[in-house]
Amino acid sequence: MVEVGRDSWRVEQKGIDWVGETERHSRPASLFWPWTAANFSFFTVAYGVFVVGLGLNPWQGALAVAIGLAVSYPVVGLVALAGTKGGAPTMTLSRAAFGHHGNNLPTFFVYLSLVGWETVSVTLGALATRTILERLSPGLGATPMLAIGFVITAGLVMVIAIYGYDVILRVQKWITLAVAVAVVGYFVIIIPDLDFSGGTGAGSLALVIGGVLLVVANGIGWTPGGADYSRYTKGSPKSVVWWTAIGGATAPAVLMLFGVLLTAGSPDLAAAAAVDPIGAFAVALPTWFLVPFLLATILSVIAGAVFNLYSSGLNLLALGLNIPRWVAVAIDGVLMVVGGIYLIFVAPSFFAPVQSFLIVIGVVTAAWSAIFVTDMFLHRKNGYLKDALYDPAGRYGGFNAAGVASIVVAIVVGLGLVTSADENIRTVLGYLLTPAAEAGSVGASNIGVAVAFVIGAVLYGVLSTTVLRPADRSG
């Protein structure tokens, strides 16, 4: 692996291979840029809108955002710490907690979540492009232009992700700075015109919890990529944790809170954001700012999609495919395009399937991340064994029964305690709730995300230290 700044414009050759000490050329502070860029999107503003849309007032929405970010992103930082201790991508290190073959279960679900996130990102870019082009000139946002914008965005995402780690770090830094300038400009234009004279009622405690868990699901959703970038990092372990957590949480803190503020000052925005979560924010902009806003939007969705596409390629390799990393990225890119076509041209609503996706994946990643972090603290104090990560017959074994049992139980219980706005998905969720609870505040809280995390951590902690001890606990 070449050092950043010397010849970083070349395709990364490493897949899920171990990164040795001599190959680690990044400092913890460099983690701030990719994590910030991945979240510096106007879609993150929409999260603030969605939180308030649950039925909260602005103060409750702000509290939900603050608590959700404070709870979730330090967990992402802890997963990043495993990367510096283990020198491998996240879902390869995960083999220590689940066994070489047992790890395929969480890796598959995480893989689906990453493909889903990158699909959502490029879809948002296309929808926003259509809205903004229509503002610039009626008819300009017709299907052909929409398709061209989608193809260009998806193509750029695939190219950057194929180049890999060094190019991503270099590009993400400049994307962060460019988008930050556009966001500040947006704030300056929009905030003076907001109207806060209308009163809003307060939501119940269950709805506040639902808002917190919606934000937690967003943060926890990034945990599977935690070690993918830190594996090339050398320096203080605490710095790795906090630069990752701060980088990941900074943009959401600013943008989600602005979304809360925006909804309070423009109540009609929530309904518009459910249809087009980025383009809706362009409605009140002056014409001269539409092009900068469009460029910033495209850059931001590219940053988020690149982050996920890079990790999803590594996950495909962790599932056992013996192909070059760039080929894995290309395969995932094709899936991203197919999913984007469905959301843009086929799905009747954007919000319902996306909300359902976020909640379901939130349960799965919450369960996995709880087990992963618990395993790291209980059994990996001396790091990870290099050879064992790549050998099914190695000291981590084929199956870690404690890990597999814990994640299955956590997911089954968690999915039984969440609900969905999508009619097709709703029927397979919430099966542990009574009809009254499902329709009431308990169902709205989506408490299953938190329950899955707690069950995963506690059950694995108990099983792995008593009746189902891992095959190897020295690494």
# chains A, B, ... in the order shown; residues from 1 in each chain; ligands from 1
$ residues_around --residues "Ala410 of chain A" --least-positions-apart "4" --cutoff "12 Å" --atoms "only C-alpha atoms" --output "ChimeraX atom specification"
/A:106,362-371,403-406,414-417,448-460
$ write_last_selection --atoms "N, CA and C atoms" --output "compact mmCIF listing (two decimals), in the first residue's frame"
# COMPACT_ATOMS: atom_id res chain seq x y z
N PRO A 106 -24.07 -12.61 10.20
CA PRO A 106 -24.09 -11.15 10.35
C PRO A 106 -23.48 -10.43 9.16
N GLY A 362 -31.36 -1.29 11.59
CA GLY A 362 -30.98 -0.80 12.91
C GLY A 362 -30.98 -1.91 13.94
N VAL A 363 -31.98 -2.80 13.88
CA VAL A 363 -32.05 -3.93 14.80
C VAL A 363 -30.87 -4.87 14.58
N VAL A 364 -30.61 -5.21 13.32
CA VAL A 364 -29.54 -6.16 13.01
C VAL A 364 -28.17 -5.61 13.40
N THR A 365 -27.88 -4.38 13.01
CA THR A 365 -26.56 -3.82 13.31
C THR A 365 -26.40 -3.53 14.80
N ALA A 366 -27.49 -3.22 15.49
CA ALA A 366 -27.41 -3.02 16.93
C ALA A 366 -27.01 -4.32 17.61
N ALA A 367 -27.64 -5.43 17.22
CA ALA A 367 -27.32 -6.73 17.79
C ALA A 367 -25.87 -7.11 17.49
N TRP A 368 -25.47 -6.95 16.22
CA TRP A 368 -24.10 -7.32 15.84
C TRP A 368 -23.07 -6.47 16.57
N SER A 369 -23.24 -5.15 16.57
CA SER A 369 -22.24 -4.27 17.16
C SER A 369 -22.10 -4.50 18.66
N ALA A 370 -23.21 -4.82 19.34
CA ALA A 370 -23.15 -5.11 20.77
C ALA A 370 -22.29 -6.34 21.04
N ILE A 371 -22.49 -7.37 20.23
CA ILE A 371 -21.72 -8.61 20.40
C ILE A 371 -20.26 -8.39 20.04
N GLY A 403 -21.72 -16.46 19.98
CA GLY A 403 -21.99 -15.32 19.10
C GLY A 403 -23.19 -15.56 18.21
N VAL A 404 -23.25 -16.75 17.60
CA VAL A 404 -24.35 -17.05 16.68
C VAL A 404 -25.68 -17.10 17.42
N ALA A 405 -25.71 -17.76 18.59
CA ALA A 405 -26.95 -17.84 19.36
C ALA A 405 -27.40 -16.47 19.82
N SER A 406 -26.45 -15.65 20.25
CA SER A 406 -26.79 -14.33 20.78
C SER A 406 -27.38 -13.43 19.70
N GLY A 414 -35.74 -8.33 18.69
CA GLY A 414 -35.74 -6.94 18.24
C GLY A 414 -36.74 -6.67 17.14
N LEU A 415 -36.78 -7.53 16.13
CA LEU A 415 -37.72 -7.34 15.02
C LEU A 415 -39.17 -7.51 15.48
N GLY A 416 -39.37 -8.26 16.53
CA GLY A 416 -40.72 -8.44 17.05
C GLY A 416 -41.22 -7.24 17.81
N LEU A 417 -40.34 -6.26 18.05
CA LEU A 417 -40.72 -5.08 18.83
C LEU A 417 -40.62 -3.78 18.04
N GLY A 448 -37.37 -1.99 19.79
CA GLY A 448 -36.64 -3.20 19.43
C GLY A 448 -35.18 -2.96 19.12
N VAL A 449 -34.83 -1.75 18.66
CA VAL A 449 -33.42 -1.44 18.35
C VAL A 449 -32.59 -1.50 19.63
N ALA A 450 -33.08 -0.84 20.69
CA ALA A 450 -32.37 -0.83 21.96
C ALA A 450 -32.37 -2.21 22.60
N VAL A 451 -33.50 -2.91 22.50
CA VAL A 451 -33.60 -4.24 23.10
C VAL A 451 -32.62 -5.21 22.44
N ALA A 452 -32.50 -5.12 21.10
CA ALA A 452 -31.57 -5.99 20.38
C ALA A 452 -30.13 -5.74 20.84
N PHE A 453 -29.77 -4.48 21.06
CA PHE A 453 -28.42 -4.14 21.51
C PHE A 453 -28.16 -4.72 22.90
N VAL A 454 -29.10 -4.51 23.81
CA VAL A 454 -28.93 -4.98 25.19
C VAL A 454 -28.88 -6.51 25.24
N ILE A 455 -29.80 -7.17 24.54
CA ILE A 455 -29.81 -8.63 24.53
C ILE A 455 -28.51 -9.17 23.94
N GLY A 456 -28.07 -8.58 22.84
CA GLY A 456 -26.83 -9.05 22.21
C GLY A 456 -25.65 -8.97 23.15
N ALA A 457 -25.49 -7.82 23.82
CA ALA A 457 -24.35 -7.63 24.73
C ALA A 457 -24.44 -8.54 25.95
N VAL A 458 -25.60 -8.56 26.60
CA VAL A 458 -25.75 -9.33 27.84
C VAL A 458 -25.68 -10.83 27.58
N LEU A 459 -26.41 -11.29 26.58
CA LEU A 459 -26.44 -12.73 26.30
C LEU A 459 -25.07 -13.24 25.89
N TYR A 460 -24.38 -12.48 25.03
CA TYR A 460 -23.04 -12.93 24.62
C TYR A 460 -22.07 -12.88 25.80
$ residues_around --residues "segment 86-99 of chain A" --least-positions-apart "5" --cutoff "8 Å" --atoms "only C-alpha atoms" --output "count of residues only"
37
$ atom_distance --atom1 "atom CA of Val49 of chain A" --atom2 "atom CA of Thr263 of chain A"
5.8 Å
$ atom_distance --atom1 "atom CA of Gly61 of chain A" --atom2 "atom CA of Asn446 of chain A"
15.8 Å
$ closest_residue --among "A:Val171, A:Val409, A:Ala128, A:Leu81" --to "Met376 of chain A" --atoms "only C-alpha atoms"
A:Leu81
$ closest_residue --among "A:His379, A:Lys85, A:Lys234, A:Arg135" --to "Val291 of chain A" --atoms "only C-alpha atoms"
A:Arg135
$ closest_residue --among "A:Ser204, A:Thr36, A:Thr465, A:Gln13" --to "Trp243 of chain A" --atoms "only C-alpha atoms"
A:Thr36
$ select_by_dssp --residues "segment 80-215 of chain A" --states "helix (DSSP H, G or I)" --output "ChimeraX atom specification"
/A:80-86,90-93,95-98,104-136,143-163,165-193,205-215
$ residues_around --residues "Ile191 of chain A" --least-positions-apart "6" --cutoff "10 Å" --atoms "only C-alpha atoms" --output "compact mmCIF listing (two decimals) with C-alpha atoms, in the first residue's frame"
# COMPACT_ATOMS: atom_id res chain seq x y z
CA PHE A 258 -31.04 22.30 11.83
CA LEU A 261 -35.29 23.95 13.65
CA LEU A 262 -36.40 23.98 10.04
CA GLY A 265 -40.19 27.19 11.38
$ closest_residue --among "A:Glu438, A:Glu12, A:Asp332, A:Asp391" --to "Tyr163 of chain A" --atoms "only C-alpha atoms"
A:Glu12
$ closest_residue --among "A:Val329, A:Leu317, A:Ile160, A:Ala272" --to "Arg10 of chain A" --atoms "only C-alpha atoms"
A:Ile160
$ atom_distance --atom1 "atom CA of Gly83 of chain A" --atom2 "atom CA of Ala180 of chain A"
28.4 Å
$ closest_residue --among "A:Thr223, A:Thr466, A:Ser121, A:Thr129" --to "Val301 of chain A" --atoms "only C-alpha atoms"
A:Ser121
$ residues_around --residues "Phe42 of chain A" --least-positions-apart "6" --cutoff "12 Å" --atoms "only C-alpha atoms" --output "ChimeraX atom specification"
/A:48-49,121,124-125,128,179-180,182-184,186-187,251-252,254-259,273,276-282,293-301,304
$ write_last_selection --atoms "N, CA and C atoms" --output "compact mmCIF listing (two decimals), in the first residue's frame"
# COMPACT_ATOMS: atom_id res chain seq x y z
N GLY A 48 -33.54 15.12 11.03
CA GLY A 48 -34.13 16.00 12.04
C GLY A 48 -35.61 16.21 11.78
N VAL A 49 -35.97 16.33 10.51
CA VAL A 49 -37.38 16.47 10.12
C VAL A 49 -38.16 15.21 10.51
N SER A 121 -28.39 6.67 -1.00
CA SER A 121 -27.59 7.87 -1.25
C SER A 121 -27.70 8.33 -2.70
N LEU A 124 -31.21 9.60 -3.55
CA LEU A 124 -31.44 10.96 -3.05
C LEU A 124 -30.83 12.00 -3.98
N GLY A 125 -29.64 11.70 -4.47
CA GLY A 125 -28.99 12.63 -5.39
C GLY A 125 -29.80 12.82 -6.65
N ALA A 128 -33.09 14.80 -5.88
CA ALA A 128 -32.79 16.22 -5.67
C ALA A 128 -32.45 16.90 -6.98
N VAL A 179 -18.82 21.01 0.77
CA VAL A 179 -20.19 20.91 1.25
C VAL A 179 -20.40 21.82 2.45
N ALA A 180 -19.39 21.96 3.31
CA ALA A 180 -19.51 22.84 4.47
C ALA A 180 -19.79 24.28 4.05
N ALA A 182 -21.28 25.26 1.29
CA ALA A 182 -22.66 25.32 0.78
C ALA A 182 -23.67 25.27 1.92
N VAL A 183 -23.39 24.47 2.95
CA VAL A 183 -24.31 24.36 4.09
C VAL A 183 -24.40 25.69 4.84
N VAL A 184 -23.26 26.32 5.05
CA VAL A 184 -23.26 27.63 5.72
C VAL A 184 -24.07 28.64 4.90
N TYR A 186 -26.48 27.98 2.87
CA TYR A 186 -27.89 27.60 2.99
C TYR A 186 -28.47 28.14 4.29
N PHE A 187 -27.74 27.97 5.38
CA PHE A 187 -28.21 28.47 6.67
C PHE A 187 -28.46 29.97 6.63
N ALA A 251 -21.17 16.28 11.82
CA ALA A 251 -22.12 16.70 10.79
C ALA A 251 -23.56 16.39 11.17
N PRO A 252 -23.87 15.19 11.68
CA PRO A 252 -25.25 14.94 12.09
C PRO A 252 -25.74 15.87 13.19
N VAL A 254 -24.96 19.01 13.70
CA VAL A 254 -25.31 20.30 13.11
C VAL A 254 -26.53 20.18 12.21
N LEU A 255 -26.53 19.18 11.35
CA LEU A 255 -27.56 19.07 10.32
C LEU A 255 -28.90 18.56 10.86
N MET A 256 -28.86 17.58 11.76
CA MET A 256 -30.13 17.10 12.34
C MET A 256 -30.79 18.18 13.18
N LEU A 257 -30.00 18.90 13.97
CA LEU A 257 -30.57 19.98 14.78
C LEU A 257 -31.14 21.09 13.90
N PHE A 258 -30.49 21.33 12.76
CA PHE A 258 -31.04 22.30 11.83
C PHE A 258 -32.35 21.78 11.24
N GLY A 259 -32.43 20.47 11.00
CA GLY A 259 -33.67 19.88 10.52
C GLY A 259 -34.81 20.07 11.51
N ALA A 273 -40.46 16.61 2.58
CA ALA A 273 -39.23 15.84 2.76
C ALA A 273 -39.48 14.34 2.67
N ASP A 276 -39.23 13.82 -1.17
CA ASP A 276 -37.91 14.14 -1.72
C ASP A 276 -37.07 14.77 -0.61
N PRO A 277 -36.37 13.94 0.21
CA PRO A 277 -35.71 14.42 1.42
C PRO A 277 -34.62 15.45 1.22
N ILE A 278 -34.12 15.64 0.02
CA ILE A 278 -33.13 16.68 -0.21
C ILE A 278 -33.72 17.79 -1.07
N GLY A 279 -34.37 17.43 -2.15
CA GLY A 279 -34.93 18.43 -3.05
C GLY A 279 -35.92 19.34 -2.37
N ALA A 280 -36.61 18.83 -1.32
CA ALA A 280 -37.58 19.66 -0.60
C ALA A 280 -36.92 20.89 0.00
N PHE A 281 -35.65 20.76 0.37
CA PHE A 281 -34.96 21.88 1.01
C PHE A 281 -34.54 22.97 0.01
N ALA A 282 -34.70 22.67 -1.27
CA ALA A 282 -34.33 23.66 -2.29
C ALA A 282 -35.48 24.57 -2.66
N PHE A 293 -26.15 24.64 -4.66
CA PHE A 293 -26.84 23.66 -3.82
C PHE A 293 -26.85 22.29 -4.49
N LEU A 294 -27.11 22.25 -5.80
CA LEU A 294 -27.12 20.99 -6.53
C LEU A 294 -25.74 20.33 -6.51
N LEU A 295 -24.70 21.12 -6.76
CA LEU A 295 -23.34 20.57 -6.76
C LEU A 295 -22.98 20.02 -5.38
N ALA A 296 -23.34 20.77 -4.32
CA ALA A 296 -23.05 20.31 -2.97
C ALA A 296 -23.82 19.03 -2.66
N THR A 297 -25.05 18.95 -3.14
CA THR A 297 -25.87 17.77 -2.92
C THR A 297 -25.26 16.54 -3.58
N ILE A 298 -24.84 16.69 -4.83
CA ILE A 298 -24.24 15.58 -5.55
C ILE A 298 -22.96 15.12 -4.86
N LEU A 299 -22.13 16.08 -4.45
CA LEU A 299 -20.89 15.74 -3.75
C LEU A 299 -21.17 14.99 -2.45
N SER A 300 -22.19 15.46 -1.72
CA SER A 300 -22.48 14.84 -0.42
C SER A 300 -23.00 13.42 -0.57
N VAL A 301 -23.86 13.18 -1.55
CA VAL A 301 -24.38 11.82 -1.71
C VAL A 301 -23.29 10.90 -2.26
N GLY A 304 -21.21 9.81 0.85
CA GLY A 304 -21.86 8.77 1.63
C GLY A 304 -21.88 7.43 0.93
$ residues_around --residues "Glu118 of chain A" --least-positions-apart "3" --cutoff "8 Å" --atoms "only C-alpha atoms" --output "PyMOL selection string"
chain A and resi 114-115+121-122+304-306+308-309+336
$ closest_atom_pairs --of "segment 219-324 of chain A" --to "segment 205-214 of chain A" --cutoff "12 Å" --atoms "only C-alpha atoms" --output "tab-separated table"
residue	atom	partner	partner_atom	distance
A:Gly219	CA	A:Leu214	CA	9.0
A:Ile220	CA	A:Leu213	CA	9.8
A:Gly221	CA	A:Leu214	CA	10.7
A:Met256	CA	A:Gly211	CA	11.6
A:Val260	CA	A:Gly211	CA	11.4
$ residues_around --residues "Ala330 of chain A" --least-positions-apart "2" --cutoff "10 Å" --atoms "only C-alpha atoms" --output "VMD selection string"
chain A and resid 158 to 159 161 to 162 309 to 310 313 325 to 328 332 to 336
$ decode --residues "segment 215-251 of chain A" --atoms "N, CA and C atoms" --output "mmCIF file, in the first residue's frame"
data_model
loop_
_atom_site.group_PDB
_atom_site.id
_atom_site.type_symbol
_atom_site.label_atom_id
_atom_site.label_comp_id
_atom_site.auth_asym_id
_atom_site.auth_seq_id
_atom_site.Cartn_x
_atom_site.Cartn_y
_atom_site.Cartn_z
ATOM 1 N N VAL A 215 -32.400 8.050 15.694
ATOM 2 C CA VAL A 215 -31.057 8.618 15.551
ATOM 3 C C VAL A 215 -29.999 7.557 15.853
ATOM 4 N N VAL A 216 -30.240 6.743 16.874
ATOM 5 C CA VAL A 216 -29.307 5.667 17.212
ATOM 6 C C VAL A 216 -29.156 4.705 16.031
ATOM 7 N N ALA A 217 -30.274 4.385 15.383
ATOM 8 C CA ALA A 217 -30.227 3.482 14.230
ATOM 9 C C ALA A 217 -29.338 4.056 13.137
ATOM 10 N N ASN A 218 -29.380 5.382 12.974
ATOM 11 C CA ASN A 218 -28.507 6.029 11.997
ATOM 12 C C ASN A 218 -27.042 5.858 12.367
ATOM 13 N N GLY A 219 -26.701 6.137 13.628
ATOM 14 C CA GLY A 219 -25.307 6.032 14.055
ATOM 15 C C GLY A 219 -24.808 4.605 14.060
ATOM 16 N N ILE A 220 -25.608 3.705 14.654
ATOM 17 C CA ILE A 220 -25.215 2.297 14.732
ATOM 18 C C ILE A 220 -25.047 1.697 13.342
ATOM 19 N N GLY A 221 -25.799 2.236 12.380
ATOM 20 C CA GLY A 221 -25.693 1.735 11.011
ATOM 21 C C GLY A 221 -24.301 1.869 10.419
ATOM 22 N N TRP A 222 -23.478 2.755 10.991
ATOM 23 C CA TRP A 222 -22.115 2.953 10.486
ATOM 24 C C TRP A 222 -21.089 2.022 11.138
ATOM 25 N N THR A 223 -21.466 1.291 12.191
ATOM 26 C CA THR A 223 -20.485 0.475 12.906
ATOM 27 C C THR A 223 -19.781 -0.565 12.030
ATOM 28 N N PRO A 224 -20.464 -1.201 11.052
ATOM 29 C CA PRO A 224 -19.757 -2.214 10.265
ATOM 30 C C PRO A 224 -18.586 -1.666 9.457
ATOM 31 N N GLY A 225 -18.514 -0.339 9.278
ATOM 32 C CA GLY A 225 -17.381 0.237 8.554
ATOM 33 C C GLY A 225 -16.302 0.773 9.474
ATOM 34 N N GLY A 226 -16.484 0.603 10.789
ATOM 35 C CA GLY A 226 -15.575 1.215 11.747
ATOM 36 C C GLY A 226 -14.114 0.870 11.564
ATOM 37 N N ALA A 227 -13.813 -0.411 11.371
ATOM 38 C CA ALA A 227 -12.423 -0.843 11.265
ATOM 39 C C ALA A 227 -11.872 -0.770 9.846
ATOM 40 N N ASP A 228 -12.737 -0.561 8.862
ATOM 41 C CA ASP A 228 -12.297 -0.569 7.461
ATOM 42 C C ASP A 228 -11.295 0.550 7.173
ATOM 43 N N TYR A 229 -11.412 1.649 7.892
ATOM 44 C CA TYR A 229 -10.510 2.787 7.679
ATOM 45 C C TYR A 229 -9.420 2.853 8.737
ATOM 46 N N SER A 230 -9.728 2.459 9.964
ATOM 47 C CA SER A 230 -8.726 2.556 11.035
ATOM 48 C C SER A 230 -7.643 1.494 10.917
ATOM 49 N N ARG A 231 -7.843 0.460 10.117
ATOM 50 C CA ARG A 231 -6.825 -0.594 9.995
ATOM 51 C C ARG A 231 -5.523 -0.070 9.389
ATOM 52 N N TYR A 232 -5.585 1.059 8.696
ATOM 53 C CA TYR A 232 -4.376 1.661 8.140
ATOM 54 C C TYR A 232 -3.803 2.747 9.064
ATOM 55 N N THR A 233 -4.333 2.835 10.279
ATOM 56 C CA THR A 233 -3.973 3.934 11.176
ATOM 57 C C THR A 233 -3.020 3.469 12.272
ATOM 58 N N LYS A 234 -2.089 4.333 12.613
ATOM 59 C CA LYS A 234 -1.211 4.084 13.750
ATOM 60 C C LYS A 234 -1.241 5.313 14.655
ATOM 61 N N GLY A 235 -1.177 5.068 15.949
ATOM 62 C CA GLY A 235 -1.247 6.174 16.899
ATOM 63 C C GLY A 235 -2.002 5.756 18.137
ATOM 64 N N SER A 236 -2.368 6.723 18.960
ATOM 65 C CA SER A 236 -3.054 6.473 20.215
ATOM 66 C C SER A 236 -4.401 5.789 19.988
ATOM 67 N N PRO A 237 -4.653 4.659 20.683
ATOM 68 C CA PRO A 237 -5.958 3.997 20.547
ATOM 69 C C PRO A 237 -7.124 4.912 20.927
ATOM 70 N N LYS A 238 -6.951 5.709 21.986
ATOM 71 C CA LYS A 238 -8.012 6.626 22.386
ATOM 72 C C LYS A 238 -8.289 7.650 21.291
ATOM 73 N N SER A 239 -7.236 8.084 20.610
ATOM 74 C CA SER A 239 -7.422 9.051 19.530
ATOM 75 C C SER A 239 -8.201 8.450 18.384
ATOM 76 N N VAL A 240 -7.964 7.169 18.098
ATOM 77 C CA VAL A 240 -8.712 6.484 17.039
ATOM 78 C C VAL A 240 -10.198 6.472 17.377
ATOM 79 N N VAL A 241 -10.513 6.153 18.635
ATOM 80 C CA VAL A 241 -11.913 6.099 19.065
ATOM 81 C C VAL A 241 -12.570 7.460 18.927
ATOM 82 N N TRP A 242 -11.912 8.494 19.455
ATOM 83 C CA TRP A 242 -12.566 9.802 19.523
ATOM 84 C C TRP A 242 -12.564 10.546 18.193
ATOM 85 N N TRP A 243 -11.525 10.384 17.373
ATOM 86 C CA TRP A 243 -11.563 11.026 16.059
ATOM 87 C C TRP A 243 -12.646 10.400 15.179
ATOM 88 N N THR A 244 -12.843 9.084 15.329
ATOM 89 C CA THR A 244 -13.922 8.428 14.586
ATOM 90 C C THR A 244 -15.277 8.899 15.083
ATOM 91 N N ALA A 245 -15.459 8.906 16.405
ATOM 92 C CA ALA A 245 -16.750 9.300 16.980
ATOM 93 C C ALA A 245 -17.062 10.755 16.686
ATOM 94 N N ILE A 246 -16.070 11.635 16.851
ATOM 95 C CA ILE A 246 -16.290 13.065 16.596
ATOM 96 C C ILE A 246 -16.530 13.323 15.112
ATOM 97 N N GLY A 247 -15.737 12.667 14.260
ATOM 98 C CA GLY A 247 -15.931 12.827 12.819
ATOM 99 C C GLY A 247 -17.300 12.357 12.388
ATOM 100 N N GLY A 248 -17.748 11.233 12.961
ATOM 101 C CA GLY A 248 -19.049 10.715 12.577
ATOM 102 C C GLY A 248 -20.209 11.540 13.089
ATOM 103 N N ALA A 249 -20.074 12.115 14.298
ATOM 104 C CA ALA A 249 -21.198 12.796 14.946
ATOM 105 C C ALA A 249 -21.285 14.288 14.648
ATOM 106 N N THR A 250 -20.200 14.911 14.219
ATOM 107 C CA THR A 250 -20.191 16.367 14.047
ATOM 108 C C THR A 250 -21.223 16.837 13.027
ATOM 109 N N ALA A 251 -21.165 16.283 11.824
ATOM 110 C CA ALA A 251 -22.116 16.701 10.787
ATOM 111 C C ALA A 251 -23.562 16.392 11.172
#
